[in-house]
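*Asks:* Following this line is entry29.tsv, made up of TSV, C-alpha atoms and all ligand atoms:
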```tsv
chain	number	residue	atom	x	y	z
H	1	MET	CA	33.43	199.57	105.50
H	2	ALA	CA	35.43	196.35	105.48
H	3	GLU	CA	33.95	193.52	103.46
H	4	LEU	CA	31.81	191.19	105.51
H	5	THR	CA	31.74	187.42	105.30
H	6	VAL	CA	28.45	185.69	105.88
H	7	PRO	CA	28.92	183.35	108.83
H	8	ASP	CA	27.77	179.76	108.43
H	9	ILE	CA	24.03	179.40	108.81
H	10	PRO	CA	23.08	175.91	109.98
H	11	ILE	CA	20.60	174.34	107.54
H	12	ALA	CA	18.51	171.41	108.78
H	13	PRO	CA	18.33	168.75	106.02
H	14	SER	CA	14.82	167.86	107.15
H	15	VAL	CA	12.31	168.90	109.80
H	16	ALA	CA	9.54	166.53	110.91
H	17	LEU	CA	6.44	168.34	112.18
H	18	ASP	CA	3.11	167.25	113.65
H	19	PRO	CA	0.34	168.65	111.43
H	20	ALA	CA	-1.98	168.96	114.45
H	21	THR	CA	0.29	171.50	116.15
H	22	THR	CA	1.90	173.20	113.15
H	23	ALA	CA	0.63	176.13	111.11
H	24	LEU	CA	1.95	177.51	107.83
H	25	ILE	CA	2.15	181.31	107.84
H	26	VAL	CA	2.27	182.77	104.31
H	27	VAL	CA	3.43	186.34	104.72
H	28	ASP	CA	2.28	189.16	102.45
H	29	MET	CA	2.32	187.38	99.06
H	30	GLN	CA	0.35	190.30	97.59
H	31	HIS	CA	0.55	191.86	94.15
H	32	ASP	CA	2.34	194.99	95.39
H	33	PHE	CA	5.25	192.86	96.64
H	34	VAL	CA	5.22	190.00	94.13
H	35	SER	CA	3.90	191.07	90.74
H	36	ASP	CA	5.33	193.20	87.92
H	37	GLY	CA	4.04	196.73	88.41
H	38	GLY	CA	3.70	196.25	92.17
H	39	SER	CA	4.60	199.39	94.10
H	40	LEU	CA	7.13	197.60	96.30
H	41	GLN	CA	8.05	194.62	94.14
H	42	VAL	CA	10.61	192.17	95.50
H	43	PRO	CA	12.16	190.80	92.29
H	44	ASP	CA	12.90	187.36	93.80
H	45	ALA	CA	9.40	186.88	95.24
H	46	ALA	CA	7.79	185.54	92.06
H	47	ALA	CA	10.25	182.61	92.00
H	48	THR	CA	9.01	181.52	95.44
H	49	VAL	CA	5.34	181.31	94.36
H	50	PRO	CA	5.48	177.67	93.11
H	51	VAL	CA	7.47	176.62	96.20
H	52	ILE	CA	4.91	178.27	98.50
H	53	ALA	CA	2.00	176.85	96.47
H	54	ASP	CA	3.40	173.35	97.03
H	55	LEU	CA	3.83	173.99	100.77
H	56	ILE	CA	0.22	175.22	101.00
H	57	ARG	CA	-1.00	172.14	99.14
H	58	ARG	CA	0.92	169.80	101.46
H	59	PHE	CA	-0.33	171.55	104.61
H	60	ARG	CA	-3.93	171.38	103.40
H	61	VAL	CA	-3.61	167.67	102.53
H	62	ALA	CA	-2.13	166.98	105.99
H	63	GLY	CA	-5.00	168.86	107.65
H	64	ALA	CA	-2.63	171.50	109.08
H	65	ARG	CA	-3.62	175.14	109.47
H	66	VAL	CA	-2.80	177.60	106.69
H	67	VAL	CA	-2.69	181.29	107.59
H	68	PHE	CA	-2.17	184.15	105.15
H	69	THR	CA	-1.06	187.54	106.39
H	70	GLN	CA	-2.07	190.52	104.30
H	71	ASP	CA	-0.27	193.82	104.73
H	72	THR	CA	-3.08	196.38	104.95
H	73	HIS	CA	-2.78	200.16	104.84
H	74	ARG	CA	-4.88	203.23	104.17
H	75	ASP	CA	-3.96	206.51	102.50
H	76	GLY	CA	-1.55	208.52	104.63
H	77	ASP	CA	-0.24	205.55	106.62
H	78	PRO	CA	2.94	206.59	108.52
H	79	GLU	CA	4.71	203.58	106.98
H	80	PHE	CA	4.65	205.46	103.67
H	81	ALA	CA	7.34	207.79	105.06
H	82	ILE	CA	9.61	204.71	105.07
H	83	TRP	CA	8.36	202.90	101.94
H	84	PRO	CA	6.44	203.87	98.83
H	85	ALA	CA	2.68	203.58	99.31
H	86	HIS	CA	1.70	199.90	99.14
H	87	ALA	CA	-0.97	197.35	100.07
H	88	ILE	CA	-3.76	199.92	100.25
H	89	GLU	CA	-6.97	198.17	101.22
H	90	GLY	CA	-9.27	197.62	98.27
H	91	THR	CA	-6.60	198.02	95.57
H	92	HIS	CA	-5.30	195.29	93.25
H	93	GLY	CA	-1.88	195.58	94.91
H	94	HIS	CA	-3.43	194.63	98.25
H	95	ALA	CA	-4.77	191.31	96.94
H	96	ILE	CA	-2.95	188.03	97.50
H	97	VAL	CA	-1.56	186.67	94.20
H	98	ASP	CA	-3.95	184.40	92.31
H	99	GLU	CA	-1.72	181.30	92.43
H	100	LEU	CA	-1.84	181.31	96.24
H	101	HIS	CA	-5.43	182.39	96.79
H	102	PRO	CA	-6.79	181.46	100.22
H	103	LEU	CA	-9.56	178.86	100.45
H	104	PRO	CA	-12.49	179.03	102.90
H	105	ASP	CA	-10.75	176.76	105.45
H	106	ASP	CA	-7.68	179.02	105.51
H	107	THR	CA	-7.30	182.07	107.75
H	108	VAL	CA	-6.47	185.54	106.45
H	109	ILE	CA	-4.96	188.03	108.90
H	110	PRO	CA	-4.88	191.66	107.74
H	111	LYS	CA	-1.98	193.37	109.49
H	112	PRO	CA	-0.99	197.02	109.94
H	113	ARG	CA	2.75	196.56	110.60
H	114	TYR	CA	5.67	194.21	109.86
H	115	ASP	CA	4.89	191.94	112.82
H	116	ALA	CA	1.79	189.81	112.08
H	117	PHE	CA	1.08	189.54	115.84
H	118	HIS	CA	0.94	193.32	116.31
H	119	GLY	CA	-2.66	194.54	116.49
H	120	THR	CA	-4.12	191.26	115.14
H	121	PRO	CA	-5.85	188.17	116.62
H	122	LEU	CA	-3.07	185.83	115.35
H	123	ASP	CA	-1.76	184.77	118.79
H	124	HIS	CA	-5.31	184.27	120.07
H	125	LEU	CA	-6.14	181.97	117.13
H	126	LEU	CA	-2.91	179.97	117.33
H	127	ARG	CA	-3.48	179.33	121.05
H	128	GLN	CA	-7.08	178.25	120.40
H	129	TRP	CA	-5.81	175.79	117.80
H	130	GLY	CA	-3.05	174.42	120.06
H	131	THR	CA	-0.40	175.47	117.56
H	132	ARG	CA	3.20	175.11	118.77
H	133	THR	CA	5.23	175.42	115.58
H	134	LEU	CA	5.07	178.01	112.82
H	135	VAL	CA	6.51	177.43	109.36
H	136	ILE	CA	6.89	180.98	108.08
H	137	CYS	CA	7.36	181.75	104.38
H	138	GLY	CA	6.66	184.67	102.02
H	139	THR	CA	8.12	188.14	101.76
H	140	VAL	CA	9.99	190.26	102.73
H	141	ALA	CA	12.40	187.83	104.47
H	142	ASN	CA	14.12	190.38	106.70
H	143	ILE	CA	11.06	192.57	107.26
H	144	CYS	CA	7.59	191.08	107.71
H	145	VAL	CA	8.76	187.44	107.74
H	146	HIS	CA	11.53	188.22	110.22
H	147	TYR	CA	9.55	190.46	112.55
H	148	THR	CA	6.76	187.88	112.60
H	149	ALA	CA	9.26	185.09	113.30
H	150	ALA	CA	10.85	187.14	116.08
H	151	SER	CA	7.48	187.95	117.62
H	152	ALA	CA	6.52	184.25	117.47
H	153	ALA	CA	9.79	183.20	119.11
H	154	LEU	CA	9.28	185.74	121.91
H	155	ARG	CA	5.99	183.94	122.59
H	156	TRP	CA	7.89	180.61	122.61
H	157	TYR	CA	6.49	179.24	119.38
H	158	ASP	CA	8.98	177.09	117.47
H	159	VAL	CA	9.93	178.79	114.23
H	160	VAL	CA	10.88	177.07	110.97
H	161	ILE	CA	11.90	179.06	107.88
H	162	PRO	CA	12.07	177.30	104.50
H	163	ARG	CA	14.83	179.38	102.91
H	164	ASP	CA	13.70	178.76	99.31
H	165	ALA	CA	10.20	180.05	100.16
H	166	VAL	CA	11.29	183.52	101.34
H	167	SER	CA	12.64	186.47	99.37
H	168	ALA	CA	14.33	189.79	100.10
H	169	LEU	CA	15.40	192.92	98.26
H	170	ASP	CA	19.06	192.26	99.04
H	171	PRO	CA	21.06	189.01	99.60
H	172	PHE	CA	22.78	190.52	102.65
H	173	ASP	CA	19.41	191.22	104.27
H	174	LEU	CA	18.22	187.68	103.55
H	175	ALA	CA	21.38	186.10	105.01
H	176	ALA	CA	21.31	188.37	108.06
H	177	SER	CA	17.70	187.43	108.72
H	178	LEU	CA	18.34	183.67	108.46
H	179	ARG	CA	21.41	184.03	110.68
H	180	GLN	CA	19.37	185.81	113.36
H	181	THR	CA	16.63	183.18	113.08
H	182	THR	CA	19.00	180.31	113.81
H	183	SER	CA	20.99	182.12	116.50
H	184	LEU	CA	18.94	184.38	118.72
H	185	LEU	CA	15.49	183.02	117.85
H	186	ALA	CA	16.65	179.35	118.10
H	187	GLY	CA	14.67	178.74	114.93
H	188	ARG	CA	15.36	176.17	112.26
H	189	VAL	CA	16.16	176.95	108.63
H	190	THR	CA	15.56	174.24	106.05
H	191	ASP	CA	14.39	173.85	102.46
H	192	ALA	CA	10.70	173.55	101.67
H	193	ALA	CA	11.28	169.98	100.46
H	194	GLY	CA	12.77	169.14	103.86
H	195	ILE	CA	9.54	169.84	105.71
H	196	ALA	CA	7.74	166.58	106.54
H	197	LEU	CA	4.28	166.71	108.08
H	198	THR	CA	4.00	163.45	109.97
H	199	PRO	CA	1.66	162.72	112.86
H	200	PRO	CA	3.54	161.30	115.87
H	201	GLU	CA	3.48	157.47	116.20
C	1	ZN	ZN	3.33	197.73	104.86
```
In structure tokens, what does this structure look like?
*Replies:*
Amino acid sequence: MAELTVPDIPIAPSVALDPATTALIVVDMQHDFVSDGGSLQVPDAAATVPVIADLIRRFRVAGARVVFTQDTHRDGDPEFAIWPAHAIEGTHGHAIVDELHPLPDDTVIPKPRYDAFHGTPLDHLLRQWGTRTLVICGTVANICVHYTAASAALRWYDVVIPRDAVSALDPFDLAASLRQTTSLLAGRVTDAAGIALTPPE
């Protein structure tokens, strides 16, 4: 196949968001994806942990919602025909990494598939909270992050992806995902430092 060139992906230098209507979605930062020995480790995921920890801290300080998704399977899950067995409920690999552990005011959404809206109460909760904008970080950028972002955009939530707070198994997959986010999802890609949580005047 001919070599491909990554088209320009527009990067917003900063994104100002209202903490009352914005939620942070931390996707699948579980030992099986993040930690050495994890059954489906994404090598670049560990480097995003401090960036995500800082985002979580800033959202909590601003009083904005923090939601963790947790990939959750049982033995024999059909997904294991696609991927090695991972995120089996009750195992160490299923647990969210210690540095990002959810606090009682946070929300944890166990999810059976890539899309965190599929078969979960996520949309119901976001609508109860009056959430309009989702800042989505975590792993894997082109799989669970992307399918969740796409599902959010189909429901007309605004999507923001901090590119230094997501990780993928392959740079092509990461670039393709960000490209799709900015084009067909009309989402915004920025850096974590560019996200400003500021109540409207
Ligand atoms: Zn899975």
*Asks:* Mind pulling up the distance from CA of Leu174 in chain H to CA of Thr5 in chain H?
*Replies:*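 About the pair CA of Thr5 in chain H and CA of Leu174 in chain H: they are 13.6 Å apart.
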*Asks:* Per residue of chain H within 9 Å of ligand ZN 1 (chain C), which atom pair is closest and at what distance in Å (one decimal), using only C-alpha atoms and all ligand atoms, listed by chain and increasing number, as a tab-separated table?
*Replies:*
```
residue	atom	partner	partner_atom	distance
H:Asp28	CA	C:ZN1	ZN	9.0
H:Asp71	CA	C:ZN1	ZN	5.3
H:Thr72	CA	C:ZN1	ZN	6.6
H:His73	CA	C:ZN1	ZN	6.6
H:Asp77	CA	C:ZN1	ZN	8.8
H:Glu79	CA	C:ZN1	ZN	6.4
H:Phe80	CA	C:ZN1	ZN	7.9
H:Trp83	CA	C:ZN1	ZN	7.8
H:Ala85	CA	C:ZN1	ZN	8.1
H:His86	CA	C:ZN1	ZN	6.3
H:Ala87	CA	C:ZN1	ZN	6.4
H:Ile88	CA	C:ZN1	ZN	8.7
H:Lys111	CA	C:ZN1	ZN	8.3
H:Pro112	CA	C:ZN1	ZN	6.7
H:Arg113	CA	C:ZN1	ZN	5.9
H:Tyr114	CA	C:ZN1	ZN	6.5
H:Cys144	CA	C:ZN1	ZN	8.4
```
*Asks:* Give me, as JSON lines, the closest atom pair and its distance (Å, one decimal) for every residue of range 154-194 of chain H within a cut-off of 8 Å of range 33-43 of chain H, counting all atoms listed in the file, rows sorted by chain and rising number.
*Replies:*
```
{"residue": "H:Ser167", "atom": "CA", "partner": "H:Val42", "partner_atom": "CA", "distance": 7.2}
{"residue": "H:Ala168", "atom": "CA", "partner": "H:Val42", "partner_atom": "CA", "distance": 6.4}
{"residue": "H:Leu169", "atom": "CA", "partner": "H:Val42", "partner_atom": "CA", "distance": 5.6}
```
*Asks:* Quick one: everything within 9 Å of range 45-60 of chain H, counting only C-alpha atoms, minus sequence neighbours fewer than 2 positions away in the same chain. Send it as a PyMOL selection string.
*Replies:* chain H and resi 19+22-24+26+29+33-35+41-43+62-66+97+99-100+105-106+137-140+164-168+192-193+195+197
*Asks:* What separation in Å, quoted to one decimal, exists between CA of Asp123 in chain H and CA of Asp18 in chain H?
*Replies:* 18.9 Å
*Asks:* Show me, as an MDAnalysis selection string, the residues that have an atom within 12 Å of His146 in chain H when counting all atoms listed in the file, minus same-chain residues fewer than 3 positions from it.
*Replies:* chainID H and resid 25 27 114:117 135:143 149:153 159:161 163 166:168 173:182 184:185 187
*Asks:* Record the distance separating CA of Asp191 in chain H and CA of Thr69 in chain H, expressed in Å with one decimal.
*Replies:*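 Going from CA of Asp191 in chain H over to CA of Thr69 in chain H covers 21.0 Å.
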*Asks:* My list of candidates is H:Thr190, H:Thr120, H:Gln30, H:Thr148. Which is closest to Pro13 in chain H when distances are computed with only C-alpha atoms?
*Replies:*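 For Pro13 in chain H, the nearest of the given residues is H:Thr190.
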